[in-house]
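Below: model_13.cif (mmCIF, C-alpha atoms)
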```
data_protein
loop_
_atom_site.label_atom_id
_atom_site.label_comp_id
_atom_site.auth_asym_id
_atom_site.auth_seq_id
_atom_site.Cartn_x
_atom_site.Cartn_y
_atom_site.Cartn_z
CA MET A 1 56.99 -8.59 -228.28
CA ALA A 2 56.63 -4.79 -228.03
CA GLY A 3 58.89 -4.53 -231.08
CA LYS A 4 56.64 -6.83 -233.10
CA VAL A 5 53.48 -4.96 -232.14
CA GLU A 6 55.16 -1.71 -233.05
CA GLU A 7 56.30 -3.18 -236.37
CA ARG A 8 52.79 -4.40 -237.25
CA ARG A 9 51.37 -1.02 -236.34
CA ARG A 10 53.90 0.72 -238.57
CA ALA A 11 53.14 -1.65 -241.46
CA LEU A 12 49.37 -1.06 -241.07
CA ARG A 13 49.98 2.68 -241.00
CA GLU A 14 51.94 2.60 -244.28
CA ASN A 15 49.37 0.27 -245.79
CA LEU A 16 46.48 2.57 -244.86
CA ILE A 17 48.28 5.64 -246.22
CA ALA A 18 48.91 3.87 -249.53
CA HIS A 19 45.27 2.77 -249.85
CA ALA A 20 43.95 6.19 -248.86
CA GLU A 21 46.27 7.83 -251.38
CA ARG A 22 45.04 5.53 -254.15
CA ARG A 23 41.38 6.11 -253.24
CA ILE A 24 41.72 9.89 -252.98
CA ALA A 25 43.59 9.99 -256.32
CA ALA A 26 40.88 7.90 -257.99
CA ASP A 27 37.65 9.17 -256.43
CA GLY A 28 38.47 12.39 -254.55
CA LEU A 29 38.61 13.20 -250.87
CA SER A 30 34.84 13.41 -250.39
CA SER A 31 34.40 9.71 -251.29
CA LEU A 32 36.88 8.45 -248.69
CA ARG A 33 35.23 6.06 -246.19
CA ALA A 34 36.80 4.28 -243.22
CA ARG A 35 35.01 1.01 -243.98
CA ASP A 36 36.37 0.92 -247.56
CA LEU A 37 39.90 1.49 -246.24
CA ALA A 38 39.44 -1.25 -243.64
CA ALA A 39 38.38 -3.65 -246.41
CA ASP A 40 41.37 -2.58 -248.56
CA ALA A 41 43.83 -3.12 -245.73
CA GLY A 42 42.13 -6.27 -244.41
CA CYS A 43 41.66 -4.82 -240.95
CA ALA A 44 38.73 -3.86 -238.71
CA VAL A 45 37.45 -0.28 -238.94
CA GLY A 46 38.47 0.18 -235.30
CA ALA A 47 42.07 -0.71 -236.15
CA ILE A 48 42.30 2.44 -238.29
CA TYR A 49 41.61 4.54 -235.20
CA ASN A 50 44.32 2.71 -233.28
CA VAL A 51 46.81 4.06 -235.79
CA PHE A 52 45.28 7.44 -236.70
CA GLY A 53 43.32 9.69 -234.34
CA ASP A 54 40.69 10.12 -237.04
CA LEU A 55 40.31 10.04 -240.81
CA THR A 56 41.57 13.62 -241.03
CA ASP A 57 44.92 12.54 -239.56
CA LEU A 58 45.16 9.85 -242.24
CA VAL A 59 44.36 12.40 -244.96
CA LEU A 60 47.04 14.70 -243.55
CA ALA A 61 49.55 11.84 -243.85
CA VAL A 62 48.55 11.46 -247.51
CA ASN A 63 48.83 15.23 -247.98
CA ALA A 64 52.36 15.16 -246.55
CA ARG A 65 53.36 12.81 -249.38
CA THR A 66 51.65 15.00 -251.94
CA PHE A 67 53.54 18.02 -250.59
CA ASP A 68 56.81 16.10 -251.00
CA LYS A 69 56.01 15.29 -254.61
CA LEU A 70 54.94 18.86 -255.30
CA GLY A 71 58.21 20.14 -253.82
CA ALA A 72 60.16 17.75 -256.05
CA THR A 73 58.24 18.90 -259.15
CA VAL A 74 58.83 22.57 -258.41
CA SER A 75 62.50 22.05 -257.63
CA GLU A 76 62.94 20.02 -260.87
CA ALA A 77 61.26 22.80 -262.83
CA LEU A 78 63.61 25.30 -261.18
CA ALA A 79 66.71 23.25 -261.98
CA ALA A 80 65.85 23.42 -265.67
CA ALA A 81 64.81 27.09 -265.56
CA PRO A 82 66.73 30.04 -267.01
CA THR A 83 68.52 32.29 -264.53
CA ASP A 84 66.16 35.22 -265.16
CA ALA A 85 64.03 35.72 -262.05
CA VAL A 86 60.75 36.37 -263.89
CA GLU A 87 61.29 33.28 -266.06
CA GLN A 88 61.95 31.27 -262.89
CA LEU A 89 58.56 32.35 -261.51
CA VAL A 90 56.85 31.45 -264.79
CA VAL A 91 58.53 28.04 -265.00
CA MET A 92 57.73 27.19 -261.35
CA SER A 93 54.11 28.26 -261.76
CA GLN A 94 53.69 26.20 -264.87
CA GLY A 95 55.22 23.29 -262.93
CA TYR A 96 52.61 23.91 -260.25
CA HIS A 97 49.89 23.85 -262.91
CA ARG A 98 51.22 20.60 -264.39
CA PHE A 99 51.40 18.97 -260.96
CA ALA A 100 47.83 20.05 -260.13
CA ALA A 101 46.52 18.78 -263.47
CA GLU A 102 48.28 15.42 -263.18
CA ASN A 103 47.38 14.89 -259.51
CA HIS A 104 44.08 16.72 -259.41
CA ASN A 105 42.30 14.92 -256.59
CA LEU A 106 45.42 14.59 -254.42
CA TRP A 107 46.19 18.26 -255.01
CA ARG A 108 42.61 19.29 -254.10
CA ALA A 109 42.84 17.20 -250.92
CA MET A 110 45.80 19.33 -249.77
CA PHE A 111 43.45 22.32 -249.56
CA ASP A 112 40.08 20.66 -248.92
CA VAL A 113 40.89 18.70 -245.77
CA ASP A 114 38.45 19.54 -242.98
CA ARG A 115 39.74 20.96 -239.75
CA ALA A 116 37.75 21.62 -236.63
CA GLU A 117 36.66 25.28 -236.37
CA GLY A 118 39.52 27.41 -235.07
CA GLU A 119 42.08 24.61 -235.24
CA SER A 120 45.23 25.70 -237.01
CA ALA A 121 47.18 23.67 -239.54
CA PRO A 122 49.78 21.21 -238.15
CA ASP A 123 53.37 22.44 -237.80
CA TRP A 124 54.72 20.19 -240.57
CA TYR A 125 52.09 21.66 -242.92
CA LEU A 126 53.14 25.23 -242.18
CA ARG A 127 56.80 24.18 -242.55
CA GLU A 128 56.16 22.61 -245.97
CA MET A 129 54.13 25.65 -247.02
CA GLY A 130 57.00 27.88 -245.87
CA ARG A 131 59.43 25.87 -248.00
CA LEU A 132 57.18 26.29 -251.05
CA MET A 133 56.94 30.04 -250.36
CA ALA A 134 60.74 30.31 -250.12
CA TYR A 135 61.03 29.06 -253.72
CA ILE A 136 58.87 32.01 -254.78
CA ALA A 137 60.40 34.61 -252.46
CA ALA A 138 63.92 34.05 -253.84
CA PRO A 139 63.29 35.32 -257.41
CA LEU A 140 60.85 37.95 -256.09
CA SER A 141 63.54 39.46 -253.89
CA VAL A 142 65.71 39.80 -257.01
CA ILE A 143 62.87 41.45 -258.96
CA PHE A 144 61.86 43.74 -256.08
CA PRO A 145 65.15 44.41 -254.24
CA ASP A 146 63.66 47.31 -252.26
CA LEU A 147 60.76 45.43 -250.62
CA ASP A 148 61.18 45.00 -246.88
CA GLU A 149 60.74 41.53 -245.41
CA SER A 150 57.08 41.93 -244.52
CA ASP A 151 56.10 43.29 -247.96
CA LEU A 152 58.15 40.58 -249.66
CA GLU A 153 56.24 37.96 -247.70
CA LEU A 154 52.91 39.56 -248.58
CA MET A 155 53.87 39.75 -252.27
CA THR A 156 55.03 36.12 -252.18
CA ARG A 157 51.74 34.91 -250.74
CA ALA A 158 49.73 37.13 -253.07
CA LEU A 159 51.58 35.74 -256.07
CA PHE A 160 51.21 32.12 -254.96
CA SER A 161 47.52 32.66 -254.24
CA SER A 162 46.99 34.24 -257.65
CA VAL A 163 48.59 31.32 -259.47
CA HIS A 164 46.69 28.89 -257.25
CA GLY A 165 43.39 30.64 -258.04
CA ILE A 166 44.06 30.58 -261.78
CA VAL A 167 44.93 26.86 -261.72
CA LEU A 168 42.03 25.99 -259.42
CA LEU A 169 39.28 27.74 -261.35
CA ALA A 170 40.61 26.79 -264.73
CA LEU A 171 40.93 23.11 -263.82
CA ASP A 172 37.40 23.23 -262.47
CA GLU A 173 35.59 24.07 -265.68
CA ALA A 174 32.49 24.64 -263.56
CA ALA A 175 33.59 27.94 -262.25
CA SER A 176 35.38 29.34 -265.21
CA GLY A 177 34.85 27.56 -268.52
CA VAL A 178 38.44 28.35 -269.53
CA PRO A 179 40.05 25.84 -271.89
CA THR A 180 42.97 24.34 -269.97
CA ASP A 181 45.48 25.13 -272.71
CA GLU A 182 44.99 28.78 -271.83
CA ILE A 183 46.02 28.30 -268.19
CA ASP A 184 49.74 28.70 -268.89
CA ARG A 185 49.02 31.84 -270.91
CA MET A 186 47.02 33.29 -268.01
CA ILE A 187 49.78 32.42 -265.54
CA SER A 188 52.42 33.99 -267.72
CA LEU A 189 50.28 37.10 -268.32
CA VAL A 190 49.67 37.64 -264.61
CA LEU A 191 53.26 36.96 -263.55
CA ARG A 192 54.85 39.21 -266.18
CA GLN A 193 52.38 41.96 -265.40
CA LEU A 194 52.81 41.54 -261.64
CA THR A 195 56.57 41.77 -261.91
CA ALA A 196 56.83 44.35 -264.73
CA ALA A 197 56.79 47.47 -262.59
CA GLY A 198 59.54 46.18 -260.35
CA ASP A 199 61.68 44.52 -262.98
CA ILE A 200 65.23 45.85 -262.75
CA SER A 201 66.68 43.76 -265.59
CA MET B 202 -6.49 19.94 -258.88
CA ALA B 203 -3.41 20.08 -261.05
CA GLY B 204 -2.97 23.68 -259.94
CA LYS B 205 -3.04 22.70 -256.28
CA VAL B 206 -0.50 19.90 -256.78
CA GLU B 207 1.72 22.28 -258.69
CA GLU B 208 1.33 24.88 -255.94
CA ARG B 209 2.28 22.38 -253.20
CA ARG B 210 5.27 21.29 -255.24
CA ARG B 211 6.40 24.87 -255.66
CA ALA B 212 5.99 25.54 -251.94
CA LEU B 213 8.01 22.41 -251.06
CA ARG B 214 10.68 23.47 -253.52
CA GLU B 215 11.02 26.92 -251.92
CA ASN B 216 10.93 25.37 -248.47
CA LEU B 217 13.70 22.90 -249.31
CA ILE B 218 15.89 25.61 -250.84
CA ALA B 219 15.48 27.76 -247.70
CA HIS B 220 16.38 24.86 -245.39
CA ALA B 221 19.32 23.79 -247.55
CA GLU B 222 20.59 27.38 -247.63
CA ARG B 223 20.40 27.62 -243.85
CA ARG B 224 22.15 24.27 -243.38
CA ILE B 225 24.93 25.00 -245.87
CA ALA B 226 25.48 28.43 -244.31
CA ALA B 227 25.71 26.91 -240.81
CA ASP B 228 27.57 23.62 -241.39
CA GLY B 229 29.01 23.71 -244.89
CA LEU B 230 28.13 21.82 -248.04
CA SER B 231 29.81 18.58 -247.01
CA SER B 232 27.43 18.15 -244.04
CA LEU B 233 24.25 18.43 -246.16
CA ARG B 234 22.12 15.26 -245.90
CA ALA B 235 18.79 14.51 -247.60
CA ARG B 236 17.30 13.00 -244.45
CA ASP B 237 18.02 16.14 -242.40
CA LEU B 238 16.36 18.27 -245.06
CA ALA B 239 13.34 15.96 -245.16
CA ALA B 240 13.01 16.33 -241.39
CA ASP B 241 13.37 20.13 -241.66
CA ALA B 242 10.70 20.35 -244.34
CA GLY B 243 8.44 17.74 -242.78
CA CYS B 244 8.41 15.56 -245.90
CA ALA B 245 9.63 12.10 -246.88
CA VAL B 246 13.16 11.79 -248.27
CA GLY B 247 11.64 10.57 -251.53
CA ALA B 248 9.62 13.78 -251.85
CA ILE B 249 12.89 15.73 -252.24
CA TYR B 250 13.64 13.73 -255.36
CA ASN B 251 10.19 14.47 -256.78
CA VAL B 252 11.16 18.14 -256.75
CA PHE B 253 14.91 18.01 -257.46
CA GLY B 254 16.64 15.42 -259.64
CA ASP B 255 19.25 14.96 -256.94
CA LEU B 256 20.86 16.84 -254.04
CA THR B 257 23.23 18.55 -256.46
CA ASP B 258 20.27 20.21 -258.23
CA LEU B 259 19.08 21.51 -254.87
CA VAL B 260 22.56 22.86 -254.08
CA LEU B 261 22.62 24.56 -257.49
CA ALA B 262 19.32 26.27 -256.63
CA VAL B 263 20.92 27.54 -253.40
CA ASN B 264 23.99 28.65 -255.36
CA ALA B 265 21.77 30.62 -257.75
CA ARG B 266 20.56 32.67 -254.78
CA THR B 267 24.12 33.15 -253.54
CA PHE B 268 25.14 34.37 -257.01
CA ASP B 269 22.29 36.90 -256.90
CA LYS B 270 23.43 38.23 -253.54
CA LEU B 271 27.06 38.36 -254.69
CA GLY B 272 26.02 40.32 -257.78
CA ALA B 273 24.11 42.78 -255.58
CA THR B 274 27.13 43.21 -253.28
CA VAL B 275 29.51 43.87 -256.17
CA SER B 276 27.14 46.28 -257.86
CA GLU B 277 26.59 48.15 -254.56
CA ALA B 278 30.36 48.39 -254.10
CA LEU B 279 30.64 49.75 -257.66
CA ALA B 280 27.92 52.34 -257.12
CA ALA B 281 29.92 53.81 -254.25
CA ALA B 282 33.28 53.52 -256.04
CA PRO B 283 35.36 56.35 -257.48
CA THR B 284 35.36 56.73 -261.26
CA ASP B 285 39.01 55.69 -261.57
CA ALA B 286 39.12 52.25 -263.24
CA VAL B 287 41.85 50.81 -261.00
CA GLU B 288 40.00 52.00 -257.89
CA GLN B 289 36.84 50.36 -259.23
CA LEU B 290 38.66 47.03 -259.50
CA VAL B 291 40.03 47.41 -255.98
CA VAL B 292 36.64 48.32 -254.52
CA MET B 293 34.86 45.44 -256.31
CA SER B 294 37.50 42.95 -255.21
CA GLN B 295 37.28 44.09 -251.62
CA GLY B 296 33.49 43.71 -251.95
CA TYR B 297 34.11 40.17 -253.17
CA HIS B 298 36.34 39.53 -250.16
CA ARG B 299 33.73 40.92 -247.75
CA PHE B 300 30.99 38.81 -249.32
CA ALA B 301 33.12 35.66 -249.11
CA ALA B 302 34.03 36.34 -245.49
CA GLU B 303 30.43 37.05 -244.45
CA ASN B 304 28.95 34.11 -246.40
CA HIS B 305 31.88 31.73 -246.20
CA ASN B 306 30.10 28.37 -246.45
CA LEU B 307 27.58 29.54 -249.05
CA TRP B 308 30.39 31.10 -251.07
CA ARG B 309 32.46 27.89 -250.88
CA ALA B 310 29.43 25.88 -252.03
CA MET B 311 29.34 27.91 -255.26
CA PHE B 312 32.70 26.42 -256.20
CA ASP B 313 32.66 23.09 -254.35
CA VAL B 314 29.46 21.57 -255.75
CA ASP B 315 30.13 18.14 -257.25
CA ARG B 316 29.40 17.55 -260.89
CA ALA B 317 29.61 14.23 -262.70
CA GLU B 318 32.91 13.81 -264.58
CA GLY B 319 32.82 15.69 -267.88
CA GLU B 320 29.51 17.39 -267.14
CA SER B 321 29.66 21.11 -267.76
CA ALA B 322 28.15 23.80 -265.58
CA PRO B 323 24.47 24.67 -266.18
CA ASP B 324 23.69 27.53 -268.57
CA TRP B 325 22.40 29.86 -265.85
CA TYR B 326 25.67 29.35 -263.96
CA LEU B 327 27.75 30.33 -266.97
CA ARG B 328 25.41 33.31 -267.58
CA GLU B 329 25.80 34.52 -263.97
CA MET B 330 29.56 34.01 -264.18
CA GLY B 331 29.57 36.00 -267.42
CA ARG B 332 27.72 38.85 -265.71
CA LEU B 333 30.30 38.87 -262.89
CA MET B 334 33.11 38.91 -265.46
CA ALA B 335 31.52 41.85 -267.30
CA TYR B 336 31.83 43.95 -264.13
CA ILE B 337 35.59 43.32 -264.22
CA ALA B 338 36.05 43.63 -267.99
CA ALA B 339 34.58 47.15 -268.07
CA PRO B 340 37.29 48.92 -266.02
CA LEU B 341 39.96 46.63 -267.51
CA SER B 342 39.08 47.76 -271.03
CA VAL B 343 39.62 51.35 -269.86
CA ILE B 344 42.99 50.48 -268.30
CA PHE B 345 44.13 48.39 -271.28
CA PRO B 346 42.45 50.05 -274.29
CA ASP B 347 44.68 48.19 -276.76
CA LEU B 348 43.82 44.63 -275.70
CA ASP B 349 41.78 42.72 -278.28
CA GLU B 350 38.63 40.96 -277.13
CA SER B 351 40.24 37.58 -276.55
CA ASP B 352 43.13 39.01 -274.51
CA LEU B 353 40.72 41.19 -272.52
CA GLU B 354 38.70 38.09 -271.67
CA LEU B 355 41.84 36.21 -270.65
CA MET B 356 43.01 39.14 -268.51
CA THR B 357 39.55 39.43 -266.93
CA ARG B 358 39.48 35.75 -265.95
CA ALA B 359 43.11 35.86 -264.78
CA LEU B 360 42.36 38.87 -262.58
CA PHE B 361 39.18 37.33 -261.12
CA SER B 362 41.00 34.05 -260.48
CA SER B 363 43.85 35.86 -258.76
CA VAL B 364 41.52 37.72 -256.41
CA HIS B 365 39.54 34.51 -255.83
CA GLY B 366 42.75 32.63 -254.96
CA ILE B 367 43.89 35.31 -252.53
CA VAL B 368 40.51 35.37 -250.78
CA LEU B 369 40.18 31.58 -250.77
CA LEU B 370 43.60 30.77 -249.31
CA ALA B 371 43.58 33.65 -246.86
CA LEU B 372 40.13 32.77 -245.52
CA ASP B 373 41.27 29.19 -245.15
CA GLU B 374 44.03 29.72 -242.58
CA ALA B 375 45.02 26.12 -243.18
CA ALA B 376 46.62 26.73 -246.48
CA SER B 377 48.12 30.11 -245.93
CA GLY B 378 48.33 31.31 -242.36
CA VAL B 379 47.73 34.89 -243.54
CA PRO B 380 45.96 37.15 -241.04
CA THR B 381 42.67 38.12 -242.69
CA ASP B 382 43.25 41.84 -242.18
CA GLU B 383 46.04 41.55 -244.73
CA ILE B 384 43.74 40.21 -247.46
CA ASP B 385 42.65 43.63 -248.65
CA ARG B 386 46.29 44.76 -248.73
CA MET B 387 47.21 41.72 -250.85
CA ILE B 388 44.28 42.35 -253.21
CA SER B 389 45.21 45.98 -253.60
CA LEU B 390 48.90 45.13 -254.12
CA VAL B 391 48.14 42.59 -256.85
CA LEU B 392 45.56 44.73 -258.63
CA ARG B 393 47.67 47.88 -258.68
CA GLN B 394 50.68 45.90 -259.84
CA LEU B 395 48.66 44.01 -262.47
CA THR B 396 47.27 47.22 -263.89
CA ALA B 397 50.32 49.47 -263.46
CA ALA B 398 52.03 48.72 -266.76
CA GLY B 399 48.87 49.41 -268.74
CA ASP B 400 47.59 52.37 -266.74
CA ILE B 401 46.97 55.26 -269.08
CA SER B 402 45.72 57.69 -266.45
#
```

Structure encoded using structure tokens:
Amino acid sequence: MAGKVEERRRALRENLIAHAERRIAADGLSSLRARDLAADAGCAVGAIYNVFGDLTDLVLAVNARTFDKLGATVSEALAAAPTDAVEQLVVMSQGYHRFAAENHNLWRAMFDVDRAEGESAPDWYLREMGRLMAYIAAPLSVIFPDLDESDLELMTRALFSSVHGIVLLALDEAASGVPTDEIDRMISLVLRQLTAAGDIS
Amino acid sequence: MAGKVEERRRALRENLIAHAERRIAADGLSSLRARDLAADAGCAVGAIYNVFGDLTDLVLAVNARTFDKLGATVSEALAAAPTDAVEQLVVMSQGYHRFAAENHNLWRAMFDVDRAEGESAPDWYLREMGRLMAYIAAPLSVIFPDLDESDLELMTRALFSSVHGIVLLALDEAASGVPTDEIDRMISLVLRQLTAAGDIS
């Protein structure tokens, strides 16, 4: 009996994640409502909270999938990239841009999820983020062989944040008005400039 | 009579903007509700929509004030800055960081306001954004005297977006985990690196 209950709970959990993912992708995180998800999954609203502590936990489960897909996109881009470290950064960043453009609402949800004041991100989130950062740190350590570990980490985060900011503002015409076909040019400009002084090739 | 009606309308408008500003600053844009504002202002919910087309218009009016304050902060930072163009960029960017940190929710609202799909930002928004960009373009044109107008504009937006991304992700511990006292170091690192290759000083 316990096994069956557990199985049903697991199936409901997967079902809810799939519906939440579809709704966030279609309408954005801010439109997500528990009662719509309950209707989608054919369960009571209360049943959602038997499986997830709150809606934020459900969104985090969706975000975990998005992170997986993002990791796959970046690693695919890397596999096809030239061996030059600067080119690897450019190719990864353009992969990041493509992923964000093609999965705009899911990508936004990764950064827009509400957390209670002072609550830090879950461990798996920091782990995934660390994995993403390692992709960037590897070519950077080739370009800047003399940076110590702490400066390399700072440079890695600064570079990721810069690319993220360019993609974010450019995809949101509101804030920037930049035609999206110029995003890759901006990324390439910033990355080549950022790495020029340290380039040892 | 018409004058009195107009006067009351203007007073309600100012009143609603002040209450919305206070609520966004305290609780963030996503918590803003028309019925709370109506209670604050002592009016019916419907009266809000006699003054503003919708809640988004009200938020845009709040954002216009935030833009004004941001402009004042950046121009103050500039007034106290050294004459060196790179230092001016660093000082302005650190002013931007300070403004974002001290007005976090209001600053977020400037970029998070919902617009209908395909609707572009209002003219005043693009004008204000243009004014902000001009502050950055001026020192950049000194650092890179050979850039043509279109490349200077691209570089200006890329640089603003980079600083914005660093500030955004670092202030949101969720996405980055960076201690905030390292933000200014990251900004300075990126700006000096971005401008190093073109520095003619």

On this structure, which residues satisfy the PyMOL selection byres ((chain B) within 6 of (chain A)), written as a list in words?
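Evaluating the PyMOL selection byres ((chain B) within 6 of (chain A)) on this file yields Ala322, Ala359, Ser362, Ser363, His365, Gly366, Ile367, Ala375, Met387, Gln394 and Leu395 of chain B.
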
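Taking CA of Ala101 (chain A) and CA of Ser31 (chain A) as endpoints, the distance between them is 19.4 Å.
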
For CA of Ala235 (chain B) and CA of Ile218 (chain B), determine how far apart the two atoms are, in Å to one decimal place.
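Interatomic distance, CA of Ala235 (chain B) to CA of Ile218 (chain B): 11.9 Å.
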
On this file, the PyMOL selection byres ((chain A and resi 60) around 9) gives some set of residues; write that set as an MDAnalysis selection string.
chainID A and resid 55:59 61:65 109:110 113 122 125

Any chance you could export the current selection's C-alpha atoms as a PDB file, keeping the file's coordinate frame?
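Done, and the output landed in again01.pdb:
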```pdb
ATOM      1  CA  LEU A  55      40.310  10.040-240.810  1.00  0.00           C
ATOM      2  CA  THR A  56      41.570  13.620-241.030  1.00  0.00           C
ATOM      3  CA  ASP A  57      44.920  12.540-239.560  1.00  0.00           C
ATOM      4  CA  LEU A  58      45.160   9.850-242.240  1.00  0.00           C
ATOM      5  CA  VAL A  59      44.360  12.400-244.960  1.00  0.00           C
ATOM      6  CA  ALA A  61      49.550  11.840-243.850  1.00  0.00           C
ATOM      7  CA  VAL A  62      48.550  11.460-247.510  1.00  0.00           C
ATOM      8  CA  ASN A  63      48.830  15.230-247.980  1.00  0.00           C
ATOM      9  CA  ALA A  64      52.360  15.160-246.550  1.00  0.00           C
ATOM     10  CA  ARG A  65      53.360  12.810-249.380  1.00  0.00           C
ATOM     11  CA  ALA A 109      42.840  17.200-250.920  1.00  0.00           C
ATOM     12  CA  MET A 110      45.800  19.330-249.770  1.00  0.00           C
ATOM     13  CA  VAL A 113      40.890  18.700-245.770  1.00  0.00           C
ATOM     14  CA  PRO A 122      49.780  21.210-238.150  1.00  0.00           C
ATOM     15  CA  TYR A 125      52.090  21.660-242.920  1.00  0.00           C
TER      16      TYR A 125
END
```

Which residue out of B:Asp269, B:Asp324, B:Glu277, B:Glu222 has the minimum interatomic distance to Val292 (chain B) when all atoms listed in the file are used?
B:Glu277

Just the residues within 10 Å of Tyr135 (chain A), please, counting only C-alpha atoms, with nothing from its chain fewer than 6 positions along; format it as JSON, numbers by chain.
{"A": [71, 74, 75, 78, 88, 89, 92, 156]}

Can those selected residues be exported to a file as a PDB file, in the coordinates of the input so that it contains C-alpha atoms?
```
ATOM      1  CA  GLY A  71      58.210  20.140-253.820  1.00  0.00           C
ATOM      2  CA  VAL A  74      58.830  22.570-258.410  1.00  0.00           C
ATOM      3  CA  SER A  75      62.500  22.050-257.630  1.00  0.00           C
ATOM      4  CA  LEU A  78      63.610  25.300-261.180  1.00  0.00           C
ATOM      5  CA  GLN A  88      61.950  31.270-262.890  1.00  0.00           C
ATOM      6  CA  LEU A  89      58.560  32.350-261.510  1.00  0.00           C
ATOM      7  CA  MET A  92      57.730  27.190-261.350  1.00  0.00           C
ATOM      8  CA  THR A 156      55.030  36.120-252.180  1.00  0.00           C
TER       9      THR A 156
END
```

Assuming the chain letters and numbering stay as they are in my file, what does the PyMOL selection byres ((chain B and resi 341) around 9) actually select? List them as an MDAnalysis selection string.
chainID B and resid 286:287 290 337:340 342:346 353 356:357 396

What is the distance, in Å and to one decimal place, between CA of Tyr250 (chain B) and CA of Arg214 (chain B)?
10.3 Å

Residues at most 9 Å from Gly28 (chain A), counting all atoms listed in the file, excluding those fewer than 2 positions away in the same chain, as a ChimeraX atom specification?
/A:23-26,30-32,104-106,108-109

With only C-alpha atoms as the atoms that count, which of A:Trp107, A:Gln94, A:Ala79, A:Leu147 lies nearest to Leu29 (chain A)?
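For Leu29 (chain A), the nearest of the given residues is A:Trp107.
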
Could you work out an axis-aligned box for region 40-54 of chain A, taking every atom the file lists and adding 6 Å on each side, and report centre and edge lengths in Å to one decimal, as JSON?
```
{"center_x": 42.1, "center_y": 1.9, "center_z": -240.9, "size_x": 21.4, "size_y": 28.4, "size_z": 27.3}
```

Identify which of the residues A:Leu37, A:Ala20, A:Ala81, A:Val51 lies closest to Glu6 (chain A), counting all atoms listed in the file when measuring atom-to-atom distances.
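The answer is A:Val51, which sits nearest to Glu6 (chain A).
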
Calculated over only C-alpha atoms, which of the candidates B:Ala240, B:Ala278, B:Arg234, B:Arg328 has the smallest distance to His298 (chain B)?
B:Ala278

Considering all atoms listed in the file, return as a PyMOL selection string whatever protein or nucleic-acid residues lie within 12 Å of Gly243 (chain B), sequence-local ones (same chain, fewer than 5 positions apart) excluded.
chain B and resi 213+216-217+220+235-238+248-249

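When only C-alpha atoms are used to compute distances to Phe300 (chain B), the closest of the residues B:Leu372, B:Arg209, B:Gly204, B:Glu350 turns out to be B:Leu372.
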